[in-house]
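Participant: Coordinates in start.cif, mmCIF, C-alpha atoms, are listed below.
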data_data
#
loop_
_atom_site.label_atom_id
_atom_site.label_comp_id
_atom_site.auth_asym_id
_atom_site.auth_seq_id
_atom_site.Cartn_x
_atom_site.Cartn_y
_atom_site.Cartn_z
CA MET A 1 -0.89 -14.12 6.46
CA SER A 2 -3.74 -12.01 7.74
CA PRO A 3 -6.07 -10.33 5.24
CA ARG A 4 -5.11 -6.90 6.62
CA ARG A 5 -1.40 -7.59 6.19
CA SER A 6 -2.10 -9.00 2.74
CA ARG A 7 -3.86 -5.77 1.77
CA VAL A 8 -0.98 -3.67 3.08
CA LEU A 9 1.56 -5.80 1.25
CA LEU A 10 -0.51 -5.82 -1.94
CA ALA A 11 -1.00 -2.07 -1.82
CA GLY A 12 2.75 -1.63 -1.38
CA LEU A 13 3.48 -4.13 -4.14
CA LEU A 14 1.05 -2.45 -6.52
CA ALA A 15 2.43 0.99 -5.73
CA ALA A 16 6.02 -0.20 -6.19
CA THR A 17 5.15 -2.07 -9.37
CA LEU A 18 3.26 0.81 -10.92
CA SER A 19 6.03 3.28 -10.11
CA SER A 20 8.88 0.98 -11.12
CA PRO A 21 11.28 2.58 -13.61
CA ALA A 22 11.53 -0.79 -15.33
CA LEU A 23 7.82 -0.64 -16.16
CA ALA A 24 7.69 3.02 -17.02
CA GLN A 25 6.66 3.77 -20.56
CA PRO A 26 9.09 5.90 -22.56
CA LYS A 27 8.14 9.55 -22.42
CA PRO A 28 7.19 11.08 -25.77
CA ALA A 29 9.52 13.84 -26.88
CA ALA A 30 6.61 16.16 -27.68
CA PRO A 31 4.28 17.42 -26.44
CA ALA A 32 5.82 17.79 -23.02
CA ALA A 33 3.71 16.82 -20.04
CA PRO A 34 2.71 19.64 -17.73
CA ALA A 35 5.24 20.13 -14.98
CA ALA A 36 4.34 18.83 -11.55
CA PRO A 37 3.72 21.54 -8.96
CA GLN A 38 6.88 22.62 -7.21
CA GLN A 39 7.24 22.43 -3.43
CA SER A 40 6.92 26.22 -3.15
CA ALA A 41 3.76 26.19 -5.34
CA VAL A 42 1.78 24.27 -2.73
CA THR A 43 -0.74 26.58 -1.10
CA PRO A 44 -2.61 25.76 2.11
CA SER A 45 -5.79 25.05 0.12
CA HIS A 46 -3.82 22.79 -2.26
CA LEU A 47 -2.36 20.88 0.68
CA ALA A 48 -5.79 20.63 2.35
CA LEU A 49 -7.25 19.09 -0.81
CA ALA A 50 -4.32 16.68 -1.02
CA LYS A 51 -4.93 15.61 2.57
CA GLU A 52 -8.65 15.19 1.89
CA VAL A 53 -7.91 12.96 -1.10
CA MET A 54 -5.35 10.97 0.86
CA LEU A 55 -7.80 10.39 3.72
CA SER A 56 -10.96 9.90 1.67
CA SER A 57 -9.27 7.48 -0.75
CA GLY A 58 -8.68 4.96 2.02
CA ILE A 59 -4.90 5.03 1.70
CA ALA A 60 -4.52 6.20 5.30
CA ARG A 61 -6.17 2.96 6.44
CA SER A 62 -3.01 1.11 5.47
CA PHE A 63 -1.14 3.14 8.09
CA ASP A 64 -3.64 2.02 10.75
CA SER A 65 -2.42 -1.58 10.61
CA ILE A 66 1.30 -0.83 10.57
CA LEU A 67 1.75 0.60 14.07
CA PRO A 68 -0.11 -2.21 15.87
CA ALA A 69 1.97 -4.66 13.86
CA PHE A 70 5.13 -3.05 15.25
CA GLY A 71 3.75 -3.48 18.76
CA GLU A 72 3.01 -7.13 18.07
CA GLN A 73 6.54 -7.64 16.73
CA ILE A 74 7.97 -6.17 19.93
CA LYS A 75 5.74 -8.43 22.02
CA GLN A 76 6.77 -11.46 19.96
CA ALA A 77 10.45 -10.60 20.41
CA ALA A 78 9.91 -10.57 24.18
CA VAL A 79 8.06 -13.91 24.26
CA THR A 80 11.13 -15.54 25.84
CA ARG A 81 10.71 -13.16 28.79
CA PRO A 82 7.13 -13.78 29.98
CA GLU A 83 7.69 -11.60 33.07
CA LEU A 84 7.80 -8.58 30.72
CA THR A 85 4.42 -9.22 29.08
CA LYS A 86 2.28 -7.09 31.40
CA ASP A 87 4.70 -4.14 31.56
CA LEU A 88 5.34 -4.29 27.82
CA ALA A 89 1.61 -4.20 27.05
CA GLU A 90 1.19 -1.22 29.39
CA VAL A 91 4.12 0.65 27.83
CA ILE A 92 2.82 0.08 24.32
CA GLU A 93 -0.67 1.19 25.37
CA LYS A 94 0.75 4.31 27.02
CA MET A 95 2.58 5.12 23.77
CA GLN A 96 -0.65 5.24 21.72
CA PRO A 97 -0.88 9.07 21.68
CA GLU A 98 2.75 9.26 20.51
CA LEU A 99 2.08 6.66 17.83
CA GLU A 100 -0.97 8.60 16.67
CA LEU A 101 1.32 11.60 16.19
CA GLN A 102 3.65 9.40 14.14
CA LYS A 103 0.70 8.30 12.01
CA GLN A 104 -0.29 11.94 11.49
CA ARG A 105 3.28 12.64 10.40
CA ILE A 106 3.11 10.08 7.58
CA ILE A 107 -0.36 11.34 6.62
CA ASP A 108 1.06 14.85 6.33
CA THR A 109 4.01 13.55 4.31
CA ALA A 110 1.73 11.59 1.99
CA SER A 111 -0.51 14.65 1.59
CA ARG A 112 2.47 16.76 0.58
CA ILE A 113 3.50 14.09 -1.93
CA TYR A 114 0.02 14.21 -3.46
CA ALA A 115 0.17 18.01 -3.56
CA ASN A 116 3.54 17.88 -5.31
CA LYS A 117 2.33 15.38 -7.91
CA LEU A 118 -1.17 16.70 -8.65
CA THR A 119 -2.45 20.18 -9.30
CA GLU A 120 -5.04 21.74 -7.06
CA ALA A 121 -7.63 21.41 -9.85
CA GLU A 122 -6.85 17.70 -10.26
CA LEU A 123 -7.10 17.15 -6.52
CA ARG A 124 -10.43 18.99 -6.47
CA ASP A 125 -11.76 16.62 -9.16
CA ILE A 126 -10.48 13.58 -7.29
CA ALA A 127 -11.92 14.82 -3.99
CA THR A 128 -15.27 15.34 -5.72
CA PHE A 129 -15.17 11.74 -6.89
CA PHE A 130 -14.43 10.43 -3.39
CA ARG A 131 -17.33 12.50 -2.00
CA SER A 132 -19.70 10.99 -4.57
CA PRO A 133 -21.70 7.80 -3.92
CA SER A 134 -19.48 5.94 -6.41
CA GLY A 135 -16.32 7.21 -4.74
CA LYS A 136 -17.58 6.24 -1.30
CA ARG A 137 -18.54 2.81 -2.61
CA TYR A 138 -15.09 2.45 -4.19
CA VAL A 139 -13.41 3.14 -0.86
CA GLU A 140 -15.86 0.88 0.99
CA THR A 141 -15.15 -2.09 -1.27
CA GLN A 142 -11.40 -1.54 -1.52
CA PRO A 143 -10.44 -3.87 1.39
CA GLN A 144 -12.50 -6.76 -0.04
CA VAL A 145 -11.18 -6.09 -3.54
CA LEU A 146 -7.59 -6.15 -2.27
CA ASP A 147 -8.23 -9.37 -0.31
CA ASP A 148 -9.67 -11.00 -3.44
CA MET A 149 -6.76 -9.69 -5.51
CA VAL A 150 -4.23 -11.16 -3.07
CA GLN A 151 -5.96 -14.54 -3.27
CA ALA A 152 -6.20 -14.33 -7.06
CA MET A 153 -2.55 -13.34 -7.33
CA GLN A 154 -1.49 -16.26 -5.12
CA THR A 155 -3.48 -18.71 -7.25
CA TRP A 156 -2.26 -17.11 -10.49
CA THR A 157 1.37 -17.13 -9.32
CA GLN A 158 1.17 -20.83 -8.48
CA GLU A 159 -0.54 -21.70 -11.77
CA VAL A 160 1.87 -19.69 -13.92
CA SER A 161 4.87 -21.07 -12.04
CA GLU A 162 3.71 -24.65 -12.67
CA TYR A 163 2.80 -23.89 -16.30
CA MET A 164 6.16 -22.30 -16.96
CA MET A 165 8.06 -25.20 -15.40
CA VAL A 166 6.12 -27.74 -17.49
CA ARG A 167 6.74 -25.73 -20.67
CA VAL A 168 10.45 -25.18 -19.92
CA ARG A 169 10.90 -28.91 -19.19
CA ALA A 170 9.18 -29.79 -22.47
CA GLU A 171 11.26 -27.34 -24.50
CA MET A 172 14.48 -28.38 -22.79
CA GLY A 173 13.52 -32.05 -23.44
CA LYS A 174 13.30 -31.24 -27.15
CA ARG A 175 16.91 -30.05 -26.90
CA GLY A 176 18.01 -33.22 -25.17
CA HIS A 177 18.10 -31.90 -21.62
CA GLN A 178 16.21 -33.41 -18.70
CA LEU A 179 15.19 -31.09 -15.88
CA GLN A 180 13.87 -32.26 -12.54
#
Could you rewrite the structure in this file as structure tokens?

Facilitator:
Amino acid sequence: MSPRRSRVLLAGLLAATLSSPALAQPKPAAPAAPAAPQQSAVTPSHLALAKEVMLSSGIARSFDSILPAFGEQIKQAAVTRPELTKDLAEVIEKMQPELELQKQRIIDTASRIYANKLTEAELRDIATFFRSPSGKRYVETQPQVLDDMVQAMQTWTQEVSEYMMVRVRAEMGKRGHQLQ
């Protein structure tokens, strides 16, 4: 798996994991959390800040690798028809402006999601962070951090899987059961 695809998959996995209802902490009965901004409460300046945060945080970079991957999948599907290779490459290249519009569409959608989840003041604070030297450094190192995390997770997964199997076999052996 390529490092870029690993980062995209890890980012998706982390996002899904962190937002999973199964992992959500129970909400305290009181005090109530402030309500998220409503769709109608999003002003143009609020949306602009949300888009700035979305772009400056590096999240939009994950979209950059998705569209070329689709093109590669289409090319791979046509590998049995080598006579199509040249025309297919030209068609995909010609579609680049359309695909850029599609990317902008998901950026706009993601920006609106940010605006609906965070207040304008919160987004202003976050944008300030991403404009700072530390914020810029955070974004700059994010791809390497995600690559290292993917590698660490692969190693950890293998180690924990082996550890668990050894422990389960031992415990089952104590109960008179032999596992392969």

Participant: In Å to one decimal, how far is atom CA of A:Ile126 from atom CA of A:Ser56?

Facilitator: 9.7 Å

Participant: Could you pull the residues within 12 Å of stretch 175-180 of chain A, counting all atoms listed in the file, minus those fewer than 6 positions along the same chain, as a ChimeraX atom specification?

Facilitator: /A:165-169

Participant: Keeping only C-alpha atoms, write the selected residues to a file as a PDB file, in the frame of the given file.

Facilitator:
ATOM      1  CA  MET A 165       8.060 -25.200 -15.400  1.00  0.00           C
ATOM      2  CA  VAL A 166       6.120 -27.740 -17.490  1.00  0.00           C
ATOM      3  CA  ARG A 167       6.740 -25.730 -20.670  1.00  0.00           C
ATOM      4  CA  VAL A 168      10.450 -25.180 -19.920  1.00  0.00           C
ATOM      5  CA  ARG A 169      10.900 -28.910 -19.190  1.00  0.00           C
TER       6      ARG A 169
END

Participant: Using atom CA of A:Ser65 and atom CA of A:Glu100 as the two end points, give the distance in Å to one decimal.

Facilitator: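 We find that atom CA of A:Ser65 and atom CA of A:Glu100 lie 11.9 Å from each other.
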
Participant: Just want the 12 Å neighbourhood of A:Ala115, counted on only C-alpha atoms, with same-chain residues fewer than 3 positions away dropped. Output as a PDB file with C-alpha atoms, in the coordinates of the input.

Facilitator:
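Okay, this is what ended up in selection_0.pdb:
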ATOM      1  CA  ALA A  36       4.340  18.830 -11.550  1.00  0.00           C
ATOM      2  CA  PRO A  37       3.720  21.540  -8.960  1.00  0.00           C
ATOM      3  CA  GLN A  38       6.880  22.620  -7.210  1.00  0.00           C
ATOM      4  CA  GLN A  39       7.240  22.430  -3.430  1.00  0.00           C
ATOM      5  CA  SER A  40       6.920  26.220  -3.150  1.00  0.00           C
ATOM      6  CA  ALA A  41       3.760  26.190  -5.340  1.00  0.00           C
ATOM      7  CA  VAL A  42       1.780  24.270  -2.730  1.00  0.00           C
ATOM      8  CA  THR A  43      -0.740  26.580  -1.100  1.00  0.00           C
ATOM      9  CA  PRO A  44      -2.610  25.760   2.110  1.00  0.00           C
ATOM     10  CA  SER A  45      -5.790  25.050   0.120  1.00  0.00           C
ATOM     11  CA  HIS A  46      -3.820  22.790  -2.260  1.00  0.00           C
ATOM     12  CA  LEU A  47      -2.360  20.880   0.680  1.00  0.00           C
ATOM     13  CA  ALA A  48      -5.790  20.630   2.350  1.00  0.00           C
ATOM     14  CA  LEU A  49      -7.250  19.090  -0.810  1.00  0.00           C
ATOM     15  CA  ALA A  50      -4.320  16.680  -1.020  1.00  0.00           C
ATOM     16  CA  LYS A  51      -4.930  15.610   2.570  1.00  0.00           C
ATOM     17  CA  GLU A  52      -8.650  15.190   1.890  1.00  0.00           C
ATOM     18  CA  VAL A  53      -7.910  12.960  -1.100  1.00  0.00           C
ATOM     19  CA  MET A  54      -5.350  10.970   0.860  1.00  0.00           C
ATOM     20  CA  ASP A 108       1.060  14.850   6.330  1.00  0.00           C
ATOM     21  CA  THR A 109       4.010  13.550   4.310  1.00  0.00           C
ATOM     22  CA  ALA A 110       1.730  11.590   1.990  1.00  0.00           C
ATOM     23  CA  SER A 111      -0.510  14.650   1.590  1.00  0.00           C
ATOM     24  CA  ARG A 112       2.470  16.760   0.580  1.00  0.00           C
ATOM     25  CA  LEU A 118      -1.170  16.700  -8.650  1.00  0.00           C
ATOM     26  CA  THR A 119      -2.450  20.180  -9.300  1.00  0.00           C
ATOM     27  CA  GLU A 120      -5.040  21.740  -7.060  1.00  0.00           C
ATOM     28  CA  ALA A 121      -7.630  21.410  -9.850  1.00  0.00           C
ATOM     29  CA  GLU A 122      -6.850  17.700 -10.260  1.00  0.00           C
ATOM     30  CA  LEU A 123      -7.100  17.150  -6.520  1.00  0.00           C
ATOM     31  CA  ARG A 124     -10.430  18.990  -6.470  1.00  0.00           C
TER      32      ARG A 124
END

Participant: For the point (-12.4, 0.1, -2.6) in the file's frame, write as a list in words all residues with an atom no more than 6 Å away, counting only C-alpha atoms.

Facilitator: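 With a cut-off of 6 Å, the residues come to Tyr138, Val139, Glu140, Thr141, Gln142 and Pro143 of chain A.
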
Participant: What does the structure give for the distance between atom CA of A:Lys103 and atom CA of A:Gly58, in Å to one decimal?

Facilitator: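 Atom-to-atom, atom CA of A:Lys103 and atom CA of A:Gly58 are spaced 14.1 Å apart.
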
Participant: Residues within 12 Å of A:Glu72, please, as a list of chain:residue names. Count only C-alpha atoms; anything in the same chain fewer than 5 positions from it doesn't count.

Facilitator: A:Ser65, A:Ile66, A:Leu67, A:Ala77, A:Ala78, A:Val79, A:Thr85, A:Leu88, A:Ala89, A:Ile92, A:Glu93

Participant: Of the residues A:Val145, A:Met164, A:Leu99, A:Val91, which is the one nearest to A:Pro68, using only C-alpha atoms?

Facilitator: A:Leu99

Participant: Start from the incomplete input, build N, CA, C and O atoms for stretch 141-163 of chain A, and deliver everything as a PDB file, keeping the file's coordinate frame.

Facilitator:
ATOM      1  N   THR A 141     -15.434  -0.748  -0.767  1.00  0.00           N
ATOM      2  CA  THR A 141     -15.150  -2.090  -1.270  1.00  0.00           C
ATOM      3  C   THR A 141     -13.667  -2.392  -1.430  1.00  0.00           C
ATOM      4  O   THR A 141     -13.288  -3.544  -1.643  1.00  0.00           O
ATOM      5  N   GLN A 142     -12.835  -1.370  -1.299  1.00  0.00           N
ATOM      6  CA  GLN A 142     -11.400  -1.540  -1.520  1.00  0.00           C
ATOM      7  C   GLN A 142     -10.780  -2.668  -0.680  1.00  0.00           C
ATOM      8  O   GLN A 142     -10.024  -3.477  -1.230  1.00  0.00           O
ATOM      9  N   PRO A 143     -11.069  -2.778   0.626  1.00  0.00           N
ATOM     10  CA  PRO A 143     -10.440  -3.870   1.390  1.00  0.00           C
ATOM     11  C   PRO A 143     -10.813  -5.262   0.858  1.00  0.00           C
ATOM     12  O   PRO A 143      -9.945  -6.128   0.735  1.00  0.00           O
ATOM     13  N   GLN A 144     -12.085  -5.456   0.498  1.00  0.00           N
ATOM     14  CA  GLN A 144     -12.500  -6.760  -0.040  1.00  0.00           C
ATOM     15  C   GLN A 144     -11.861  -7.006  -1.405  1.00  0.00           C
ATOM     16  O   GLN A 144     -11.448  -8.132  -1.707  1.00  0.00           O
ATOM     17  N   VAL A 145     -11.795  -5.961  -2.222  1.00  0.00           N
ATOM     18  CA  VAL A 145     -11.180  -6.090  -3.540  1.00  0.00           C
ATOM     19  C   VAL A 145      -9.711  -6.489  -3.379  1.00  0.00           C
ATOM     20  O   VAL A 145      -9.222  -7.400  -4.063  1.00  0.00           O
ATOM     21  N   LEU A 146      -9.009  -5.825  -2.477  1.00  0.00           N
ATOM     22  CA  LEU A 146      -7.590  -6.150  -2.270  1.00  0.00           C
ATOM     23  C   LEU A 146      -7.417  -7.561  -1.734  1.00  0.00           C
ATOM     24  O   LEU A 146      -6.503  -8.284  -2.155  1.00  0.00           O
ATOM     25  N   ASP A 147      -8.297  -7.990  -0.806  1.00  0.00           N
ATOM     26  CA  ASP A 147      -8.230  -9.370  -0.310  1.00  0.00           C
ATOM     27  C   ASP A 147      -8.405 -10.355  -1.461  1.00  0.00           C
ATOM     28  O   ASP A 147      -7.651 -11.324  -1.595  1.00  0.00           O
ATOM     29  N   ASP A 148      -9.425 -10.117  -2.300  1.00  0.00           N
ATOM     30  CA  ASP A 148      -9.670 -11.000  -3.440  1.00  0.00           C
ATOM     31  C   ASP A 148      -8.500 -10.972  -4.415  1.00  0.00           C
ATOM     32  O   ASP A 148      -8.140 -12.002  -4.998  1.00  0.00           O
ATOM     33  N   MET A 149      -7.909  -9.783  -4.609  1.00  0.00           N
ATOM     34  CA  MET A 149      -6.760  -9.690  -5.510  1.00  0.00           C
ATOM     35  C   MET A 149      -5.563 -10.468  -4.974  1.00  0.00           C
ATOM     36  O   MET A 149      -4.856 -11.128  -5.738  1.00  0.00           O
ATOM     37  N   VAL A 150      -5.338 -10.402  -3.665  1.00  0.00           N
ATOM     38  CA  VAL A 150      -4.230 -11.160  -3.070  1.00  0.00           C
ATOM     39  C   VAL A 150      -4.456 -12.650  -3.305  1.00  0.00           C
ATOM     40  O   VAL A 150      -3.534 -13.363  -3.728  1.00  0.00           O
ATOM     41  N   GLN A 151      -5.671 -13.120  -3.046  1.00  0.00           N
ATOM     42  CA  GLN A 151      -5.960 -14.540  -3.270  1.00  0.00           C
ATOM     43  C   GLN A 151      -5.795 -14.903  -4.744  1.00  0.00           C
ATOM     44  O   GLN A 151      -5.217 -15.936  -5.073  1.00  0.00           O
ATOM     45  N   ALA A 152      -6.324 -14.064  -5.627  1.00  0.00           N
ATOM     46  CA  ALA A 152      -6.200 -14.330  -7.060  1.00  0.00           C
ATOM     47  C   ALA A 152      -4.743 -14.335  -7.500  1.00  0.00           C
ATOM     48  O   ALA A 152      -4.335 -15.181  -8.305  1.00  0.00           O
ATOM     49  N   MET A 153      -3.965 -13.398  -6.969  1.00  0.00           N
ATOM     50  CA  MET A 153      -2.550 -13.340  -7.330  1.00  0.00           C
ATOM     51  C   MET A 153      -1.799 -14.572  -6.831  1.00  0.00           C
ATOM     52  O   MET A 153      -0.918 -15.081  -7.532  1.00  0.00           O
ATOM     53  N   GLN A 154      -2.150 -15.061  -5.634  1.00  0.00           N
ATOM     54  CA  GLN A 154      -1.490 -16.260  -5.120  1.00  0.00           C
ATOM     55  C   GLN A 154      -1.807 -17.460  -6.003  1.00  0.00           C
ATOM     56  O   GLN A 154      -0.915 -18.228  -6.367  1.00  0.00           O
ATOM     57  N   THR A 155      -3.075 -17.604  -6.383  1.00  0.00           N
ATOM     58  CA  THR A 155      -3.480 -18.710  -7.250  1.00  0.00           C
ATOM     59  C   THR A 155      -2.806 -18.570  -8.612  1.00  0.00           C
ATOM     60  O   THR A 155      -2.249 -19.535  -9.147  1.00  0.00           O
ATOM     61  N   TRP A 156      -2.856 -17.359  -9.184  1.00  0.00           N
ATOM     62  CA  TRP A 156      -2.260 -17.110 -10.490  1.00  0.00           C
ATOM     63  C   TRP A 156      -0.769 -17.386 -10.471  1.00  0.00           C
ATOM     64  O   TRP A 156      -0.230 -18.025 -11.393  1.00  0.00           O
ATOM     65  N   THR A 157      -0.079 -16.924  -9.436  1.00  0.00           N
ATOM     66  CA  THR A 157       1.370 -17.130  -9.320  1.00  0.00           C
ATOM     67  C   THR A 157       1.694 -18.619  -9.323  1.00  0.00           C
ATOM     68  O   THR A 157       2.612 -19.060 -10.025  1.00  0.00           O
ATOM     69  N   GLN A 158       0.940 -19.395  -8.545  1.00  0.00           N
ATOM     70  CA  GLN A 158       1.170 -20.830  -8.480  1.00  0.00           C
ATOM     71  C   GLN A 158       0.923 -21.482  -9.842  1.00  0.00           C
ATOM     72  O   GLN A 158       1.726 -22.281 -10.313  1.00  0.00           O
ATOM     73  N   GLU A 159      -0.198 -21.117 -10.472  1.00  0.00           N
ATOM     74  CA  GLU A 159      -0.540 -21.700 -11.770  1.00  0.00           C
ATOM     75  C   GLU A 159       0.498 -21.353 -12.838  1.00  0.00           C
ATOM     76  O   GLU A 159       0.926 -22.219 -13.602  1.00  0.00           O
ATOM     77  N   VAL A 160       0.907 -20.110 -12.903  1.00  0.00           N
ATOM     78  CA  VAL A 160       1.870 -19.690 -13.920  1.00  0.00           C
ATOM     79  C   VAL A 160       3.232 -20.322 -13.653  1.00  0.00           C
ATOM     80  O   VAL A 160       3.929 -20.740 -14.581  1.00  0.00           O
ATOM     81  N   SER A 161       3.598 -20.437 -12.388  1.00  0.00           N
ATOM     82  CA  SER A 161       4.870 -21.070 -12.040  1.00  0.00           C
ATOM     83  C   SER A 161       4.886 -22.526 -12.521  1.00  0.00           C
ATOM     84  O   SER A 161       5.856 -22.978 -13.142  1.00  0.00           O
ATOM     85  N   GLU A 162       3.805 -23.246 -12.242  1.00  0.00           N
ATOM     86  CA  GLU A 162       3.710 -24.650 -12.670  1.00  0.00           C
ATOM     87  C   GLU A 162       3.687 -24.747 -14.194  1.00  0.00           C
ATOM     88  O   GLU A 162       4.360 -25.595 -14.784  1.00  0.00           O
ATOM     89  N   TYR A 163       2.891 -23.901 -14.842  1.00  0.00           N
ATOM     90  CA  TYR A 163       2.800 -23.890 -16.300  1.00  0.00           C
ATOM     91  C   TYR A 163       4.168 -23.653 -16.922  1.00  0.00           C
ATOM     92  O   TYR A 163       4.583 -24.350 -17.844  1.00  0.00           O
TER      93      TYR A 163
END
